[in-house]
Structure formats: structure tokens, C-alpha cells
>>> print(open('model.pdb').read())   # PDB, C-alpha atoms
ATOM      1  CA  MET A  47     -40.145 -86.249  71.249  1.00  0.00           C
ATOM      2  CA  THR A  48     -43.854 -86.616  72.034  1.00  0.00           C
ATOM      3  CA  THR A  49     -45.519 -83.444  73.193  1.00  0.00           C
ATOM      4  CA  THR A  50     -48.808 -82.785  74.923  1.00  0.00           C
ATOM      5  CA  PRO A  51     -50.743 -79.641  73.952  1.00  0.00           C
ATOM      6  CA  MET A  52     -51.004 -77.037  76.679  1.00  0.00           C
ATOM      7  CA  THR A  53     -54.642 -76.251  77.219  1.00  0.00           C
ATOM      8  CA  ALA A  54     -56.808 -74.957  80.025  1.00  0.00           C
ATOM      9  CA  GLY A  55     -58.103 -78.480  80.665  1.00  0.00           C
ATOM     10  CA  PRO A  56     -56.997 -81.087  83.170  1.00  0.00           C
ATOM     11  CA  THR A  57     -54.029 -82.539  81.245  1.00  0.00           C
ATOM     12  CA  ARG A  58     -50.911 -82.783  83.413  1.00  0.00           C
ATOM     13  CA  THR A  59     -47.337 -83.846  82.840  1.00  0.00           C
ATOM     14  CA  GLY A  60     -45.880 -85.365  86.000  1.00  0.00           C
ATOM     15  CA  PRO A  61     -47.204 -84.868  89.534  1.00  0.00           C
ATOM     16  CA  THR A  62     -49.233 -81.780  90.319  1.00  0.00           C
ATOM     17  CA  ARG A  63     -48.080 -79.677  93.241  1.00  0.00           C
ATOM     18  CA  THR A  64     -50.818 -77.793  95.062  1.00  0.00           C
ATOM     19  CA  SER A  65     -48.707 -75.258  96.969  1.00  0.00           C
ATOM     20  CA  PRO A  66     -48.936 -71.748  95.481  1.00  0.00           C
ATOM     21  CA  PRO A  67     -45.864 -70.359  93.716  1.00  0.00           C
ATOM     22  CA  ALA A  68     -43.751 -67.835  95.530  1.00  0.00           C
ATOM     23  CA  PRO A  69     -44.338 -64.158  94.692  1.00  0.00           C
ATOM     24  CA  ARG A  70     -41.839 -62.515  92.385  1.00  0.00           C
ATOM     25  CA  SER A  71     -40.129 -60.786  95.311  1.00  0.00           C
ATOM     26  CA  ASP A  72     -39.480 -64.147  96.946  1.00  0.00           C
ATOM     27  CA  LEU A  73     -37.975 -65.815  93.891  1.00  0.00           C
ATOM     28  CA  THR A  74     -34.428 -67.025  94.003  1.00  0.00           C
ATOM     29  CA  ARG A  75     -32.102 -65.653  91.368  1.00  0.00           C
ATOM     30  CA  ARG A  76     -32.316 -68.943  89.463  1.00  0.00           C
ATOM     31  CA  GLN A  77     -36.120 -68.914  89.547  1.00  0.00           C
ATOM     32  CA  ALA A  78     -36.191 -65.331  88.304  1.00  0.00           C
ATOM     33  CA  GLU A  79     -33.835 -66.261  85.477  1.00  0.00           C
ATOM     34  CA  LEU A  80     -36.029 -69.221  84.523  1.00  0.00           C
ATOM     35  CA  LEU A  81     -39.125 -67.037  84.456  1.00  0.00           C
ATOM     36  CA  ASP A  82     -37.394 -64.608  82.090  1.00  0.00           C
ATOM     37  CA  GLN A  83     -36.140 -67.491  79.927  1.00  0.00           C
ATOM     38  CA  LEU A  84     -39.608 -69.020  79.767  1.00  0.00           C
ATOM     39  CA  GLU A  85     -41.029 -65.659  78.740  1.00  0.00           C
ATOM     40  CA  GLU A  86     -38.482 -65.322  75.933  1.00  0.00           C
ATOM     41  CA  LEU A  87     -39.152 -68.867  74.743  1.00  0.00           C
ATOM     42  CA  PHE A  88     -42.942 -68.544  74.813  1.00  0.00           C
ATOM     43  CA  LEU A  89     -42.929 -65.186  73.032  1.00  0.00           C
ATOM     44  CA  ALA A  90     -40.784 -66.600  70.251  1.00  0.00           C
ATOM     45  CA  GLU A  91     -42.253 -70.095  69.868  1.00  0.00           C
ATOM     46  CA  GLY A  92     -45.581 -70.141  71.676  1.00  0.00           C
ATOM     47  CA  PHE A  93     -46.301 -72.485  74.564  1.00  0.00           C
ATOM     48  CA  ALA A  94     -49.057 -74.951  73.636  1.00  0.00           C
ATOM     49  CA  ARG A  95     -46.771 -77.596  72.156  1.00  0.00           C
ATOM     50  CA  PHE A  96     -44.386 -77.800  75.095  1.00  0.00           C
ATOM     51  CA  THR A  97     -44.554 -80.362  77.877  1.00  0.00           C
ATOM     52  CA  LEU A  98     -42.787 -79.818  81.175  1.00  0.00           C
ATOM     53  CA  ASP A  99     -40.203 -82.376  80.009  1.00  0.00           C
ATOM     54  CA  ASP A 100     -39.597 -80.275  76.893  1.00  0.00           C
ATOM     55  CA  LEU A 101     -39.222 -77.102  78.947  1.00  0.00           C
ATOM     56  CA  ALA A 102     -36.859 -78.705  81.444  1.00  0.00           C
ATOM     57  CA  LEU A 103     -34.700 -79.892  78.553  1.00  0.00           C
ATOM     58  CA  ARG A 104     -34.700 -76.529  76.785  1.00  0.00           C
ATOM     59  CA  LEU A 105     -33.932 -74.599  79.957  1.00  0.00           C
ATOM     60  CA  ARG A 106     -31.461 -77.176  81.279  1.00  0.00           C
ATOM     61  CA  CYS A 107     -33.206 -77.525  84.592  1.00  0.00           C
ATOM     62  CA  SER A 108     -35.168 -80.208  86.417  1.00  0.00           C
ATOM     63  CA  LYS A 109     -38.934 -80.560  86.366  1.00  0.00           C
ATOM     64  CA  SER A 110     -38.883 -80.156  90.135  1.00  0.00           C
ATOM     65  CA  THR A 111     -37.364 -76.697  89.614  1.00  0.00           C
ATOM     66  CA  LEU A 112     -40.227 -75.799  87.274  1.00  0.00           C
ATOM     67  CA  TYR A 113     -42.665 -77.003  89.918  1.00  0.00           C
ATOM     68  CA  THR A 114     -41.287 -74.352  92.278  1.00  0.00           C
ATOM     69  CA  LEU A 115     -42.684 -71.773  89.842  1.00  0.00           C
ATOM     70  CA  ALA A 116     -46.092 -73.394  89.295  1.00  0.00           C
ATOM     71  CA  GLY A 117     -47.991 -76.544  90.174  1.00  0.00           C
ATOM     72  CA  SER A 118     -48.817 -77.629  86.631  1.00  0.00           C
ATOM     73  CA  LYS A 119     -48.098 -76.960  82.989  1.00  0.00           C
ATOM     74  CA  GLU A 120     -51.164 -74.731  82.629  1.00  0.00           C
ATOM     75  CA  GLN A 121     -50.362 -72.766  85.781  1.00  0.00           C
ATOM     76  CA  LEU A 122     -46.834 -72.239  84.519  1.00  0.00           C
ATOM     77  CA  ALA A 123     -48.199 -70.781  81.275  1.00  0.00           C
ATOM     78  CA  GLN A 124     -50.455 -68.446  83.246  1.00  0.00           C
ATOM     79  CA  ARG A 125     -47.573 -67.311  85.406  1.00  0.00           C
ATOM     80  CA  VAL A 126     -45.335 -66.565  82.438  1.00  0.00           C
ATOM     81  CA  ILE A 127     -48.130 -64.675  80.662  1.00  0.00           C
ATOM     82  CA  LYS A 128     -48.785 -62.577  83.781  1.00  0.00           C
ATOM     83  CA  HIS A 129     -45.046 -61.961  84.061  1.00  0.00           C
ATOM     84  CA  PHE A 130     -44.919 -60.703  80.477  1.00  0.00           C
ATOM     85  CA  PHE A 131     -47.871 -58.336  80.801  1.00  0.00           C
ATOM     86  CA  ARG A 132     -46.716 -57.012  84.183  1.00  0.00           C
ATOM     87  CA  LYS A 133     -43.343 -56.133  82.693  1.00  0.00           C
ATOM     88  CA  ALA A 134     -45.052 -54.638  79.636  1.00  0.00           C
ATOM     89  CA  THR A 135     -47.259 -52.429  81.817  1.00  0.00           C
ATOM     90  CA  GLU A 136     -44.277 -51.216  83.821  1.00  0.00           C
ATOM     91  CA  ALA A 137     -42.344 -50.457  80.631  1.00  0.00           C
ATOM     92  CA  VAL A 138     -45.253 -48.521  79.109  1.00  0.00           C
ATOM     93  CA  GLU A 139     -45.741 -46.377  82.205  1.00  0.00           C
ATOM     94  CA  ALA A 140     -42.004 -45.748  82.489  1.00  0.00           C
ATOM     95  CA  ARG A 141     -41.900 -44.441  78.908  1.00  0.00           C
ATOM     96  CA  THR A 142     -44.813 -42.039  79.417  1.00  0.00           C
ATOM     97  CA  ILE A 143     -44.452 -40.799  82.996  1.00  0.00           C
ATOM     98  CA  THR A 144     -42.186 -37.881  82.060  1.00  0.00           C
ATOM     99  CA  VAL A 145     -44.253 -36.741  79.059  1.00  0.00           C
ATOM    100  CA  THR A 146     -46.462 -33.764  79.949  1.00  0.00           C
ATOM    101  CA  ASP A 147     -48.040 -32.672  76.646  1.00  0.00           C
ATOM    102  CA  PRO A 148     -51.383 -34.530  76.273  1.00  0.00           C
ATOM    103  CA  ALA A 149     -50.975 -35.280  72.557  1.00  0.00           C
ATOM    104  CA  LEU A 150     -47.426 -36.506  73.032  1.00  0.00           C
ATOM    105  CA  ARG A 151     -48.538 -38.599  76.012  1.00  0.00           C
ATOM    106  CA  VAL A 152     -51.192 -40.424  73.984  1.00  0.00           C
ATOM    107  CA  THR A 153     -48.691 -41.015  71.195  1.00  0.00           C
ATOM    108  CA  ALA A 154     -46.030 -42.120  73.659  1.00  0.00           C
ATOM    109  CA  TYR A 155     -48.459 -44.444  75.428  1.00  0.00           C
ATOM    110  CA  LEU A 156     -49.671 -46.265  72.324  1.00  0.00           C
ATOM    111  CA  THR A 157     -46.170 -46.356  70.848  1.00  0.00           C
ATOM    112  CA  ALA A 158     -44.922 -47.860  74.114  1.00  0.00           C
ATOM    113  CA  VAL A 159     -47.684 -50.474  73.990  1.00  0.00           C
ATOM    114  CA  ALA A 160     -46.575 -51.355  70.461  1.00  0.00           C
ATOM    115  CA  ALA A 161     -42.955 -51.674  71.599  1.00  0.00           C
ATOM    116  CA  ALA A 162     -43.917 -53.807  74.595  1.00  0.00           C
ATOM    117  CA  LEU A 163     -45.928 -56.203  72.422  1.00  0.00           C
ATOM    118  CA  ALA A 164     -43.368 -56.376  69.616  1.00  0.00           C
ATOM    119  CA  PRO A 165     -41.461 -59.390  71.057  1.00  0.00           C
ATOM    120  CA  ALA A 166     -44.622 -61.513  71.017  1.00  0.00           C
ATOM    121  CA  GLY A 167     -44.633 -63.562  67.825  1.00  0.00           C
ATOM    122  CA  PRO A 168     -47.531 -65.154  65.916  1.00  0.00           C
ATOM    123  CA  ALA A 169     -47.187 -68.497  67.724  1.00  0.00           C
ATOM    124  CA  PHE A 170     -47.549 -66.818  71.111  1.00  0.00           C
ATOM    125  CA  HIS A 171     -50.652 -64.903  70.037  1.00  0.00           C
ATOM    126  CA  ARG A 172     -52.164 -68.020  68.487  1.00  0.00           C
ATOM    127  CA  ASP A 173     -51.638 -70.041  71.648  1.00  0.00           C
ATOM    128  CA  LEU A 174     -52.826 -67.159  73.831  1.00  0.00           C
ATOM    129  CA  ASP A 175     -56.059 -66.923  71.884  1.00  0.00           C
ATOM    130  CA  SER A 176     -56.795 -70.637  72.370  1.00  0.00           C
ATOM    131  CA  PHE A 177     -55.820 -70.719  76.074  1.00  0.00           C
ATOM    132  CA  GLY A 178     -58.727 -69.358  78.124  1.00  0.00           C
ATOM    133  CA  PRO A 179     -56.823 -68.229  81.246  1.00  0.00           C
ATOM    134  CA  GLY A 180     -54.171 -66.562  79.126  1.00  0.00           C
ATOM    135  CA  ARG A 181     -56.755 -64.835  76.958  1.00  0.00           C
ATOM    136  CA  ASP A 182     -58.437 -63.518  80.122  1.00  0.00           C
ATOM    137  CA  ILE A 183     -55.137 -62.019  81.267  1.00  0.00           C
ATOM    138  CA  TYR A 184     -54.670 -60.335  77.886  1.00  0.00           C
ATOM    139  CA  GLU A 185     -58.185 -58.922  77.896  1.00  0.00           C
ATOM    140  CA  ARG A 186     -57.887 -57.589  81.457  1.00  0.00           C
ATOM    141  CA  ASN A 187     -54.667 -55.803  80.535  1.00  0.00           C
ATOM    142  CA  THR A 188     -56.230 -54.447  77.362  1.00  0.00           C
ATOM    143  CA  ALA A 189     -59.171 -53.083  79.341  1.00  0.00           C
ATOM    144  CA  LEU A 190     -56.803 -51.399  81.804  1.00  0.00           C
ATOM    145  CA  ALA A 191     -54.853 -49.872  78.919  1.00  0.00           C
ATOM    146  CA  ALA A 192     -58.090 -48.552  77.420  1.00  0.00           C
ATOM    147  CA  ASP A 193     -58.993 -46.949  80.762  1.00  0.00           C
ATOM    148  CA  ARG A 194     -55.600 -45.269  80.792  1.00  0.00           C
ATOM    149  CA  ILE A 195     -56.144 -43.920  77.297  1.00  0.00           C
ATOM    150  CA  ARG A 196     -59.547 -42.546  78.371  1.00  0.00           C
ATOM    151  CA  GLU A 197     -57.812 -40.698  81.225  1.00  0.00           C
ATOM    152  CA  LEU A 198     -55.209 -39.259  78.875  1.00  0.00           C
ATOM    153  CA  ILE A 199     -57.855 -38.099  76.400  1.00  0.00           C
ATOM    154  CA  ALA A 200     -59.994 -36.531  79.141  1.00  0.00           C
ATOM    155  CA  ASP A 201     -56.934 -34.661  80.399  1.00  0.00           C
ATOM    156  CA  GLY A 202     -56.182 -33.413  76.884  1.00  0.00           C
ATOM    157  CA  VAL A 203     -59.756 -32.188  76.415  1.00  0.00           C
ATOM    158  CA  ALA A 204     -59.713 -30.419  79.796  1.00  0.00           C
ATOM    159  CA  ARG A 205     -56.454 -28.669  78.910  1.00  0.00           C
ATOM    160  CA  GLY A 206     -57.698 -27.562  75.503  1.00  0.00           C
ATOM    161  CA  ARG A 207     -55.249 -29.680  73.507  1.00  0.00           C
ATOM    162  CA  PHE A 208     -57.925 -31.985  72.095  1.00  0.00           C
ATOM    163  CA  ARG A 209     -61.224 -31.181  70.457  1.00  0.00           C
ATOM    164  CA  GLU A 210     -64.362 -31.476  72.580  1.00  0.00           C
ATOM    165  CA  VAL A 211     -64.662 -35.202  72.034  1.00  0.00           C
ATOM    166  CA  HIS A 212     -66.380 -37.623  74.389  1.00  0.00           C
ATOM    167  CA  PRO A 213     -63.486 -39.396  76.171  1.00  0.00           C
ATOM    168  CA  ARG A 214     -65.481 -42.517  76.978  1.00  0.00           C
ATOM    169  CA  LEU A 215     -66.736 -42.877  73.416  1.00  0.00           C
ATOM    170  CA  VAL A 216     -63.255 -42.433  71.979  1.00  0.00           C
ATOM    171  CA  ALA A 217     -61.837 -44.836  74.557  1.00  0.00           C
ATOM    172  CA  ASP A 218     -64.567 -47.373  73.764  1.00  0.00           C
ATOM    173  CA  THR A 219     -63.692 -47.139  70.064  1.00  0.00           C
ATOM    174  CA  VAL A 220     -60.008 -47.552  70.861  1.00  0.00           C
ATOM    175  CA  THR A 221     -60.806 -50.487  73.154  1.00  0.00           C
ATOM    176  CA  THR A 222     -62.732 -52.231  70.386  1.00  0.00           C
ATOM    177  CA  LEU A 223     -59.758 -51.961  68.049  1.00  0.00           C
ATOM    178  CA  MET A 224     -57.354 -53.028  70.792  1.00  0.00           C
ATOM    179  CA  PHE A 225     -59.398 -56.176  71.373  1.00  0.00           C
ATOM    180  CA  ARG A 226     -59.495 -56.824  67.618  1.00  0.00           C
ATOM    181  CA  ILE A 227     -55.724 -56.465  67.534  1.00  0.00           C
ATOM    182  CA  GLY A 228     -55.385 -58.841  70.479  1.00  0.00           C
ATOM    183  CA  ARG A 229     -57.665 -61.468  68.917  1.00  0.00           C
ATOM    184  CA  GLY A 230     -55.726 -61.345  65.667  1.00  0.00           C
ATOM    185  CA  ASP A 231     -58.687 -59.932  63.715  1.00  0.00           C
ATOM    186  CA  THR A 232     -56.730 -56.846  62.649  1.00  0.00           C
ATOM    187  CA  ALA A 233     -53.752 -58.897  61.508  1.00  0.00           C
ATOM    188  CA  ARG A 234     -56.005 -61.138  59.415  1.00  0.00           C
ATOM    189  CA  ALA A 235     -57.827 -58.158  57.914  1.00  0.00           C
ATOM    190  CA  THR A 236     -54.817 -55.907  57.245  1.00  0.00           C
ATOM    191  CA  GLY A 237     -51.653 -57.988  57.442  1.00  0.00           C
ATOM    192  CA  LEU A 238     -50.279 -55.697  60.180  1.00  0.00           C
ATOM    193  CA  ASP A 239     -48.696 -57.249  63.229  1.00  0.00           C
ATOM    194  CA  ASP A 240     -49.822 -56.042  66.667  1.00  0.00           C
ATOM    195  CA  ALA A 241     -47.018 -53.538  67.147  1.00  0.00           C
ATOM    196  CA  ALA A 242     -47.595 -51.945  63.728  1.00  0.00           C
ATOM    197  CA  ALA A 243     -51.339 -51.818  64.344  1.00  0.00           C
ATOM    198  CA  TYR A 244     -50.814 -49.923  67.589  1.00  0.00           C
ATOM    199  CA  ARG A 245     -48.579 -47.401  65.840  1.00  0.00           C
ATOM    200  CA  GLU A 246     -51.251 -46.834  63.211  1.00  0.00           C
ATOM    201  CA  LEU A 247     -53.880 -46.505  65.930  1.00  0.00           C
ATOM    202  CA  ALA A 248     -51.832 -43.799  67.631  1.00  0.00           C
ATOM    203  CA  ALA A 249     -51.543 -41.820  64.392  1.00  0.00           C
ATOM    204  CA  LEU A 250     -55.239 -42.241  63.547  1.00  0.00           C
ATOM    205  CA  LEU A 251     -56.362 -41.228  67.015  1.00  0.00           C
ATOM    206  CA  LEU A 252     -54.264 -38.067  67.185  1.00  0.00           C
ATOM    207  CA  HIS A 253     -55.276 -36.898  63.717  1.00  0.00           C
ATOM    208  CA  GLY A 254     -58.893 -37.235  64.774  1.00  0.00           C
ATOM    209  CA  ILE A 255     -58.843 -35.437  68.136  1.00  0.00           C
ATOM    210  CA  THR A 256     -55.952 -32.950  68.114  1.00  0.00           C
ATOM    211  CA  VAL A 257     -56.922 -29.288  67.820  1.00  0.00           C
TER     212      VAL A 257
END
>>> encode(input="model.pdb", output="C-alpha cells")
Amino acid sequence: MTTTPMTAGPTRTGPTRTSPPAPRSDLTRRQAELLDQLEELFLAEGFARFTLDDLALRLRCSKSTLYTLAGSKEQLAQRVIKHFFRKATEAVEARTITVTDPALRVTAYLTAVAAALAPAGPAFHRDLDSFGPGRDIYERNTALAADRIRELIADGVARGRFREVHPRLVADTVTTLMFRIGRGDTARATGLDDAAAYRELAALLLHGITV
């Protein structure tokens, strides 16, 4: 089967629909199922090599059904990536909302990030890095996560659980490593996958700032 790489450029497979996709709350049950199935497929195998024909075949649906989710191949990739990171953010917050101790909250937060990213395989990260819109989504979510860590550190300092560190400096350092993890630099330098790198980051951070 001939495939067309999925890039941020103008390549299209089939007609392009210009109407915006329905919000998640307006999805039919079948559309919601397809979005979850696409997420699972992309995380495991990446997305650049797939055409809409390939995806329709793998998901046993019509191309017209895929067009109800997005107007083009590239827009579909963006939607699935946003879907993944939205779910990841919700899962991370859900795992930390009941934790009150500042040190445990930082550990829980970074551990939850590691768990949320664990399903994403090397092919997904490789394709994400080479797909501009997808990379932008990843970087925006990473920046938001770094802001959350800064808040958690500032709270720990204020409550006397962390040393008198500069929250913004620590958060900036953490952000730098988070971006390196996201770009694959850490994996290339250390051999650690993203989830393992986040676990190590949590341990390193707490050893450095806990009283």
C-alpha cells in the first residue's frame, strides 16, 4: 500500500472539508471511539506514514467518517495530539489534587507526567518532533506543566518544606530539561525514555530542594 507522509505542508489525501470539527462534547459515541482508537494507534506506531485511506482501513470506517473529525490528514493529527495531551493533563491533575504535602505533590506531579507520557512510543515522539503543529502543542503543554511546577515549589518554600530556593529559577531549570526530554535530546544522551526521565527528574529535584 502506498503511503503519503503526514507533514505540516499542503499534502492532502482526498477532498478537504473546510467546516470545523465538532467539539468533544458534541461528538457522537462512534466519533469519540474513533478519536480514542486513533490516539492509541498514533502513540504506538506514530502518524506520519499513514494516509487517510490507511487509517480508514485500520479503524474499519469510511474516510467520510474521518472527515467528520477533521478536514484533512494534518488537521486530524493535530486533533488527536490535542486529545492526548488534554487527557494527560486531566490525569496528572487528578492524581495530584488530593496530595497536600508540598514535597509529595511535586513528586506526585512529575510521576503522573511520566505515567501520562508512558504510552507514547518512539515513533510517536519522532513524528511529533518533525510535525510543526504537533510540536507546538507539545511545547505549550510542557510550558504549562513547568508553570505548575513553579507554583508547587513556591508553595513548598512558603510553607517551609523546601529550602529558600528561587522558584522561577528552579522552574526554568526544570523546564529546560522537560523540553530536552520532549525533543528526544535526553533519550539520545542517556538512553532513558521520557517516562523514566521524568521519574529521575522528580528524584533529582526533591533531593535538591527538600529541607
>>> residues_near_point(input="model.pdb", point="(-56.4, -43.6, 74.2)", cutoff="12 Å", atoms="only C-alpha atoms", output="ChimeraX atom specification")
/A:148-157,159,188-202,208,211-224,244,247-252,254-255
>>> resolve_selection(input="model.pdb", expression="the PyMOL selection byres ((chain A and resi 125) around 10)", output="ChimeraX atom specification")
/A:67,81,84-85,115-116,119-124,126-130,180
>>> atom_distance(input="model.pdb", atom1="atom CA of A:Glu86", atom2="atom CA of A:Pro168")
13.5 Å
>>> resolve_selection(input="model.pdb", expression="the PyMOL selection byres ((chain A and resi 229) around 10)", output="PDB file with C-alpha atoms, keeping the file's coordinate frame")
ATOM      1  CA  HIS A 171     -50.652 -64.903  70.037  1.00  0.00           C
ATOM      2  CA  ARG A 172     -52.164 -68.020  68.487  1.00  0.00           C
ATOM      3  CA  LEU A 174     -52.826 -67.159  73.831  1.00  0.00           C
ATOM      4  CA  ASP A 175     -56.059 -66.923  71.884  1.00  0.00           C
ATOM      5  CA  SER A 176     -56.795 -70.637  72.370  1.00  0.00           C
ATOM      6  CA  ARG A 181     -56.755 -64.835  76.958  1.00  0.00           C
ATOM      7  CA  TYR A 184     -54.670 -60.335  77.886  1.00  0.00           C
ATOM      8  CA  GLU A 185     -58.185 -58.922  77.896  1.00  0.00           C
ATOM      9  CA  LEU A 223     -59.758 -51.961  68.049  1.00  0.00           C
ATOM     10  CA  MET A 224     -57.354 -53.028  70.792  1.00  0.00           C
ATOM     11  CA  PHE A 225     -59.398 -56.176  71.373  1.00  0.00           C
ATOM     12  CA  ARG A 226     -59.495 -56.824  67.618  1.00  0.00           C
ATOM     13  CA  ILE A 227     -55.724 -56.465  67.534  1.00  0.00           C
ATOM     14  CA  GLY A 228     -55.385 -58.841  70.479  1.00  0.00           C
ATOM     15  CA  GLY A 230     -55.726 -61.345  65.667  1.00  0.00           C
ATOM     16  CA  ASP A 231     -58.687 -59.932  63.715  1.00  0.00           C
ATOM     17  CA  THR A 232     -56.730 -56.846  62.649  1.00  0.00           C
ATOM     18  CA  ALA A 233     -53.752 -58.897  61.508  1.00  0.00           C
ATOM     19  CA  ARG A 234     -56.005 -61.138  59.415  1.00  0.00           C
ATOM     20  CA  ASP A 240     -49.822 -56.042  66.667  1.00  0.00           C
TER      21      ASP A 240
END
>>> closest_residue(input="model.pdb", among="A:Gln77, A:Phe93, A:Val138, A:Lys133", to="A:Ser108", atoms="all atoms listed in the file")
A:Gln77
>>> atom_distance(input="model.pdb", atom1="atom CA of A:Ala102", atom2="atom CA of A:Asn187")
29.0 Å
>>> atom_distance(input="model.pdb", atom1="atom CA of A:Leu238", atom2="atom CA of A:Ala164")
11.7 Å
>>> closest_residue(input="model.pdb", among="A:Asp239, A:Phe170, A:Ala160, A:Leu101", to="A:Thr135", atoms="all atoms listed in the file")
A:Ala160
>>> closest_residue(input="model.pdb", among="A:Arg76, A:Ala94, A:Lys109, A:Ala134", to="A:Phe177", atoms="only C-alpha atoms")
A:Ala94
>>> closest_residue(input="model.pdb", among="A:Asp182, A:Asp147, A:Glu136, A:Asp173", to="A:Ala90", atoms="only C-alpha atoms")
A:Asp173
>>> closest_residue(input="model.pdb", among="A:Ala169, A:Ala140, A:Leu80, A:Leu163", to="A:Arg106", atoms="only C-alpha atoms")
A:Leu80
>>> closest_residue(input="model.pdb", among="A:Gly117, A:His253, A:Thr111, A:Gly92", to="A:Arg209", atoms="all atoms listed in the file")
A:His253
>>> axis_aligned_box(input="model.pdb", around="stretch 250-253 of chain A", padding_each_side="3 Å", output="lines of an AutoDock Vina configuration file")
center_x = -55.3
center_y = -39.6
center_z = 65.4
size_x = 8.1
size_y = 11.3
size_z = 9.6
>>> build_atoms(input="model.pdb", residues="stretch 87-94 of chain A", atoms="all heavy atoms", output="PDB file, in the coordinates of the input")
ATOM      1  N   LEU A  87     -38.835 -67.687  75.545  1.00  0.00           N
ATOM      2  CA  LEU A  87     -39.152 -68.867  74.743  1.00  0.00           C
ATOM      3  C   LEU A  87     -40.601 -68.841  74.274  1.00  0.00           C
ATOM      4  O   LEU A  87     -40.880 -69.085  73.090  1.00  0.00           O
ATOM      5  CB  LEU A  87     -38.897 -70.124  75.574  1.00  0.00           C
ATOM      6  CG  LEU A  87     -39.243 -71.470  74.923  1.00  0.00           C
ATOM      7  CD1 LEU A  87     -38.403 -71.693  73.667  1.00  0.00           C
ATOM      8  CD2 LEU A  87     -39.027 -72.608  75.917  1.00  0.00           C
ATOM      9  N   PHE A  88     -41.524 -68.550  75.169  1.00  0.00           N
ATOM     10  CA  PHE A  88     -42.942 -68.544  74.813  1.00  0.00           C
ATOM     11  C   PHE A  88     -43.259 -67.451  73.800  1.00  0.00           C
ATOM     12  O   PHE A  88     -44.047 -67.654  72.873  1.00  0.00           O
ATOM     13  CB  PHE A  88     -43.797 -68.339  76.066  1.00  0.00           C
ATOM     14  CG  PHE A  88     -43.872 -69.540  76.968  1.00  0.00           C
ATOM     15  CD1 PHE A  88     -43.150 -70.693  76.693  1.00  0.00           C
ATOM     16  CD2 PHE A  88     -44.643 -69.509  78.122  1.00  0.00           C
ATOM     17  CE1 PHE A  88     -43.209 -71.808  77.527  1.00  0.00           C
ATOM     18  CE2 PHE A  88     -44.714 -70.611  78.957  1.00  0.00           C
ATOM     19  CZ  PHE A  88     -44.002 -71.757  78.664  1.00  0.00           C
ATOM     20  N   LEU A  89     -42.672 -66.281  73.965  1.00  0.00           N
ATOM     21  CA  LEU A  89     -42.929 -65.186  73.032  1.00  0.00           C
ATOM     22  C   LEU A  89     -42.450 -65.543  71.628  1.00  0.00           C
ATOM     23  O   LEU A  89     -43.080 -65.173  70.633  1.00  0.00           O
ATOM     24  CB  LEU A  89     -42.246 -63.903  73.502  1.00  0.00           C
ATOM     25  CG  LEU A  89     -42.786 -63.262  74.780  1.00  0.00           C
ATOM     26  CD1 LEU A  89     -41.959 -62.036  75.141  1.00  0.00           C
ATOM     27  CD2 LEU A  89     -44.253 -62.880  74.624  1.00  0.00           C
ATOM     28  N   ALA A  90     -41.353 -66.258  71.554  1.00  0.00           N
ATOM     29  CA  ALA A  90     -40.784 -66.600  70.251  1.00  0.00           C
ATOM     30  C   ALA A  90     -41.448 -67.806  69.607  1.00  0.00           C
ATOM     31  O   ALA A  90     -41.667 -67.828  68.388  1.00  0.00           O
ATOM     32  CB  ALA A  90     -39.284 -66.850  70.393  1.00  0.00           C
ATOM     33  N   GLU A  91     -41.808 -68.816  70.426  1.00  0.00           N
ATOM     34  CA  GLU A  91     -42.253 -70.095  69.868  1.00  0.00           C
ATOM     35  C   GLU A  91     -43.649 -70.526  70.303  1.00  0.00           C
ATOM     36  O   GLU A  91     -44.123 -71.587  69.906  1.00  0.00           O
ATOM     37  CB  GLU A  91     -41.251 -71.193  70.241  1.00  0.00           C
ATOM     38  CG  GLU A  91     -39.839 -70.920  69.741  1.00  0.00           C
ATOM     39  CD  GLU A  91     -38.875 -72.042  70.084  1.00  0.00           C
ATOM     40  OE1 GLU A  91     -39.326 -73.207  70.197  1.00  0.00           O
ATOM     41  OE2 GLU A  91     -37.673 -71.760  70.243  1.00  0.00           O
ATOM     42  N   GLY A  92     -44.314 -69.708  71.127  1.00  0.00           N
ATOM     43  CA  GLY A  92     -45.581 -70.141  71.676  1.00  0.00           C
ATOM     44  C   GLY A  92     -45.357 -71.072  72.847  1.00  0.00           C
ATOM     45  O   GLY A  92     -44.220 -71.302  73.274  1.00  0.00           O
ATOM     46  N   PHE A  93     -46.449 -71.626  73.385  1.00  0.00           N
ATOM     47  CA  PHE A  93     -46.301 -72.485  74.564  1.00  0.00           C
ATOM     48  C   PHE A  93     -47.151 -73.747  74.517  1.00  0.00           C
ATOM     49  O   PHE A  93     -46.931 -74.679  75.283  1.00  0.00           O
ATOM     50  CB  PHE A  93     -46.632 -71.696  75.838  1.00  0.00           C
ATOM     51  CG  PHE A  93     -47.965 -70.995  75.800  1.00  0.00           C
ATOM     52  CD1 PHE A  93     -49.131 -71.641  76.176  1.00  0.00           C
ATOM     53  CD2 PHE A  93     -48.058 -69.668  75.398  1.00  0.00           C
ATOM     54  CE1 PHE A  93     -50.353 -71.005  76.149  1.00  0.00           C
ATOM     55  CE2 PHE A  93     -49.281 -69.013  75.366  1.00  0.00           C
ATOM     56  CZ  PHE A  93     -50.433 -69.686  75.746  1.00  0.00           C
ATOM     57  N   ALA A  94     -48.112 -73.834  73.616  1.00  0.00           N
ATOM     58  CA  ALA A  94     -49.057 -74.951  73.636  1.00  0.00           C
ATOM     59  C   ALA A  94     -48.386 -76.293  73.381  1.00  0.00           C
ATOM     60  O   ALA A  94     -48.797 -77.309  73.941  1.00  0.00           O
ATOM     61  CB  ALA A  94     -50.162 -74.714  72.608  1.00  0.00           C
TER      62      ALA A  94
END
